[in-house]
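Colleague: This is the structure I have questions about; it appears just below.
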Amino acid sequence: MITIALVTGGVAGVGMGYVLQRAQLCFHATFSGALARRFLLARGWLLGVAISSVGLSVLFLTPLGDGLNRGLPFAPVADVVGGVVIGVGMAVAATCVSGLFFKLGSGMLGCLAGLGGWAAGELAARQVVLPGPTVLPVGAGATFPALLGVPRLAFAVVFLAVVGVVLWRWRAAERPRPGQWDWPVTGVALGAVTIAGWVLAGVGGAGFGPSTVGAVAGFAAGAPNWWLTAFLLGIVVGAAVAARVSGEFHVRGERPVRYVRLVAGGFLLGAGGWIAGGCNLGHGLSGVAQLNVASWVVVAAIVAGIALARAVNRAAAAGPPGAAR
């Protein structure tokens, strides 16, 4: 069973890493770009999760969906606090957790420092218990379709249709840089690898699809999640292949201050992901595709955390009122 988990997790990770690198889809760049009115990545992400929502809804109706998680619990305090911490961590590190993995695959060695901080943050956060109730327990009842009393598939189809119309009518002059996929290709590819990741998770005996949270804690607890471990390593491999194909593979280091930011930001990413019960992939991709209430709240909190960090940074750069320019 471990072999099957390693193979299926690795294949899922390679596919995800390839797509993330070719699209340059870092979730920090996606959300911070949207705050700055640059929507290329956000459009690809939105199309990808809408396509994935239909795919997962169909998957849950088949025997392949047996044993898979149907919805993440909604604990407002933990979700909001964890999401904000993730957002601040993204701003500090200037990347997300999946970004650390796929950028490592393209030769950015500083990501190792960020991943070290991420691992330490997840381990440290295991001791954190926030107050507040779990409003919606784990399962299908924690999703928007359940709250509205409509079938998941029907909701997902309408969601995809609305997203499709909005994106089709949304004219924008922004163009991808050389070697980077445009948003329609990104959206379709992201949807495909997300759905495939969930199918492979089911085959590999994992209960949840693309994510990062729990990989480190599982080893610390003596119960490794082999599928998730192979998935994360696969992202590095897939990104390396993609970087070679696109001519963007080059080994490089970082300035000393950048290493500090990567470690500190990585720590916040790991801690925030554990507190929120999901990371930028677990909530921002798999979770929103599941149509979870919690995941959309966490995504909003992540954006708020990025905005907060940007505001603090601008204030610090401006200096105290009346200071000499």
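By convention in this document, the chains of the structure tokens carry letters A, B, ... by their order, each chain's residues are numbered from 1, and ligands are numbered from 1 in the order they are shown.
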At a cut-off of 12 Å, using only C-alpha atoms, what residues contact A:Arg310? Leave out same-chain residues fewer than 5 positions from it and give the result as a PyMOL selection string.

Modeller: chain A and resi 28+31-33+35-36+87-92+94+303-305+315-317

Colleague: Give the alpha helix (DSSP H) residues of stretch 73-105 of chain A, as assigned by DSSP on the backbone, as a list in words.

Modeller: Pro76, Val77, Ala78, Asp79, Val80, Val81, Gly82, Gly83, Val84, Val85, Ile86, Gly87, Val88, Gly89, Met90, Ala91, Val92, Ala93, Val97, Ser98, Gly99, Leu100, Phe101, Phe102, Lys103, Leu104 and Gly105 of chain A

Colleague: Using only C-alpha atoms, can you tell me which of A:Val216, A:Ala29, A:Leu61, A:Leu232 comes closest to A:Val14?

Modeller: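 For A:Val14, the nearest of the given residues is A:Leu232.
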
Colleague: Which of these, A:Ser98, A:Thr8, A:Gln180, A:Gln290, has the shortest distance to A:Gly197 once you count only C-alpha atoms?

Modeller: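 Of A:Ser98, A:Thr8, A:Gln180, A:Gln290, the one nearest A:Gly197, counting only C-alpha atoms, is A:Thr8.
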
Colleague: Find the residues around A:Val49 up to 9 Å (only C-alpha atoms counted), leave out those fewer than 5 positions away in its own chain, and share them as an mmCIF file with all heavy atoms, in the first residue's frame.

Modeller:
```cif
data_model
loop_
_atom_site.group_PDB
_atom_site.id
_atom_site.type_symbol
_atom_site.label_atom_id
_atom_site.label_comp_id
_atom_site.auth_asym_id
_atom_site.auth_seq_id
_atom_site.Cartn_x
_atom_site.Cartn_y
_atom_site.Cartn_z
ATOM 1 N N GLY A 44 -6.784 32.673 -14.049
ATOM 2 C CA GLY A 44 -6.450 31.265 -14.235
ATOM 3 C C GLY A 44 -6.835 30.432 -13.034
ATOM 4 O O GLY A 44 -7.373 29.318 -13.176
ATOM 5 N N VAL A 54 -16.588 21.034 -10.521
ATOM 6 C CA VAL A 54 -17.448 20.110 -11.270
ATOM 7 C C VAL A 54 -16.836 18.714 -11.254
ATOM 8 O O VAL A 54 -17.528 17.715 -11.021
ATOM 9 C CB VAL A 54 -17.633 20.597 -12.722
ATOM 10 C CG1 VAL A 54 -18.427 19.556 -13.536
ATOM 11 C CG2 VAL A 54 -18.358 21.935 -12.742
ATOM 12 N N LEU A 160 -19.407 27.100 -12.350
ATOM 13 C CA LEU A 160 -18.544 27.114 -13.521
ATOM 14 C C LEU A 160 -19.132 27.996 -14.620
ATOM 15 O O LEU A 160 -18.401 28.750 -15.281
ATOM 16 C CB LEU A 160 -18.334 25.690 -14.047
ATOM 17 C CG LEU A 160 -17.526 25.556 -15.351
ATOM 18 C CD1 LEU A 160 -16.138 26.162 -15.208
ATOM 19 C CD2 LEU A 160 -17.430 24.083 -15.760
ATOM 20 N N GLY A 187 -6.014 27.828 -16.402
ATOM 21 C CA GLY A 187 -7.243 27.387 -15.751
ATOM 22 C C GLY A 187 -7.608 25.957 -16.084
ATOM 23 O O GLY A 187 -7.928 25.154 -15.198
ATOM 24 N N LEU A 190 -4.886 23.614 -14.603
ATOM 25 C CA LEU A 190 -4.999 23.546 -13.146
ATOM 26 C C LEU A 190 -6.198 22.700 -12.733
ATOM 27 O O LEU A 190 -6.111 21.896 -11.791
ATOM 28 C CB LEU A 190 -5.118 24.958 -12.567
ATOM 29 C CG LEU A 190 -5.089 25.084 -11.048
ATOM 30 C CD1 LEU A 190 -3.753 24.615 -10.490
ATOM 31 C CD2 LEU A 190 -5.358 26.528 -10.626
ATOM 32 N N GLY A 191 -7.314 22.882 -13.430
ATOM 33 C CA GLY A 191 -8.483 22.063 -13.136
ATOM 34 C C GLY A 191 -8.214 20.595 -13.366
ATOM 35 O O GLY A 191 -8.589 19.735 -12.560
ATOM 36 N N THR A 194 -5.824 19.129 -10.686
ATOM 37 C CA THR A 194 -6.476 19.065 -9.383
ATOM 38 C C THR A 194 -7.418 17.872 -9.314
ATOM 39 O O THR A 194 -7.406 17.095 -8.343
ATOM 40 C CB THR A 194 -7.255 20.358 -9.099
ATOM 41 O OG1 THR A 194 -6.361 21.473 -9.135
ATOM 42 C CG2 THR A 194 -7.925 20.299 -7.734
ATOM 43 N N GLY A 284 -6.985 26.874 -0.721
ATOM 44 C CA GLY A 284 -7.092 27.743 -1.885
ATOM 45 C C GLY A 284 -7.295 27.026 -3.204
ATOM 46 O O GLY A 284 -7.659 27.657 -4.195
ATOM 47 N N LEU A 285 -7.091 25.726 -3.242
ATOM 48 C CA LEU A 285 -7.309 24.960 -4.469
ATOM 49 C C LEU A 285 -8.284 23.812 -4.201
ATOM 50 O O LEU A 285 -9.427 23.844 -4.637
ATOM 51 C CB LEU A 285 -5.982 24.437 -5.012
ATOM 52 C CG LEU A 285 -6.022 23.726 -6.358
ATOM 53 C CD1 LEU A 285 -6.613 24.632 -7.434
ATOM 54 C CD2 LEU A 285 -4.634 23.259 -6.764
ATOM 55 N N SER A 286 -7.852 22.810 -3.458
ATOM 56 C CA SER A 286 -8.730 21.668 -3.178
ATOM 57 C C SER A 286 -9.974 22.085 -2.403
ATOM 58 O O SER A 286 -11.089 21.649 -2.703
ATOM 59 C CB SER A 286 -7.958 20.608 -2.381
ATOM 60 O OG SER A 286 -6.991 19.960 -3.186
ATOM 61 N N VAL A 288 -11.543 25.136 -2.012
ATOM 62 C CA VAL A 288 -12.541 25.936 -2.720
ATOM 63 C C VAL A 288 -13.211 25.106 -3.802
ATOM 64 O O VAL A 288 -14.389 25.317 -4.116
ATOM 65 C CB VAL A 288 -11.927 27.220 -3.312
ATOM 66 C CG1 VAL A 288 -11.473 28.162 -2.216
ATOM 67 C CG2 VAL A 288 -10.771 26.915 -4.247
ATOM 68 N N ALA A 289 -12.476 24.142 -4.385
ATOM 69 C CA ALA A 289 -13.092 23.251 -5.368
ATOM 70 C C ALA A 289 -14.114 22.330 -4.716
ATOM 71 O O ALA A 289 -15.077 21.904 -5.362
ATOM 72 C CB ALA A 289 -12.016 22.429 -6.085
ATOM 73 N N GLN A 290 -13.919 22.014 -3.440
ATOM 74 C CA GLN A 290 -14.922 21.246 -2.692
ATOM 75 C C GLN A 290 -16.135 22.096 -2.356
ATOM 76 O O GLN A 290 -17.133 21.584 -1.887
ATOM 77 C CB GLN A 290 -14.331 20.735 -1.378
ATOM 78 C CG GLN A 290 -13.481 19.490 -1.482
ATOM 79 C CD GLN A 290 -13.076 19.005 -0.107
ATOM 80 O OE1 GLN A 290 -12.439 19.727 0.660
ATOM 81 N NE2 GLN A 290 -13.444 17.774 0.215
#
```

Colleague: To one decimal place, how far is atom CA of A:Phe219 from atom CA of A:Glu122 in Å?

Modeller: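 Result for atom CA of A:Phe219 versus atom CA of A:Glu122: 11.6 Å, one decimal.
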
Colleague: Give me, please, the distance in Å between atom CA of A:Ala221 and atom CA of A:Gly82, quoted to one decimal.

Modeller: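 According to the coordinates, atom CA of A:Ala221 and atom CA of A:Gly82 are separated by 21.7 Å.
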
Colleague: Between A:Gly116, A:Gly105, A:Gly202, A:Gly282, which residue has the minimum interatomic distance to A:Ala243, considering only C-alpha atoms?

Modeller: A:Gly105

Colleague: Which is closest to A:Ala239 among A:Ser106, A:Asn69, A:Ser52, A:Gln24, if we use only C-alpha atoms?

Modeller: A:Ser106
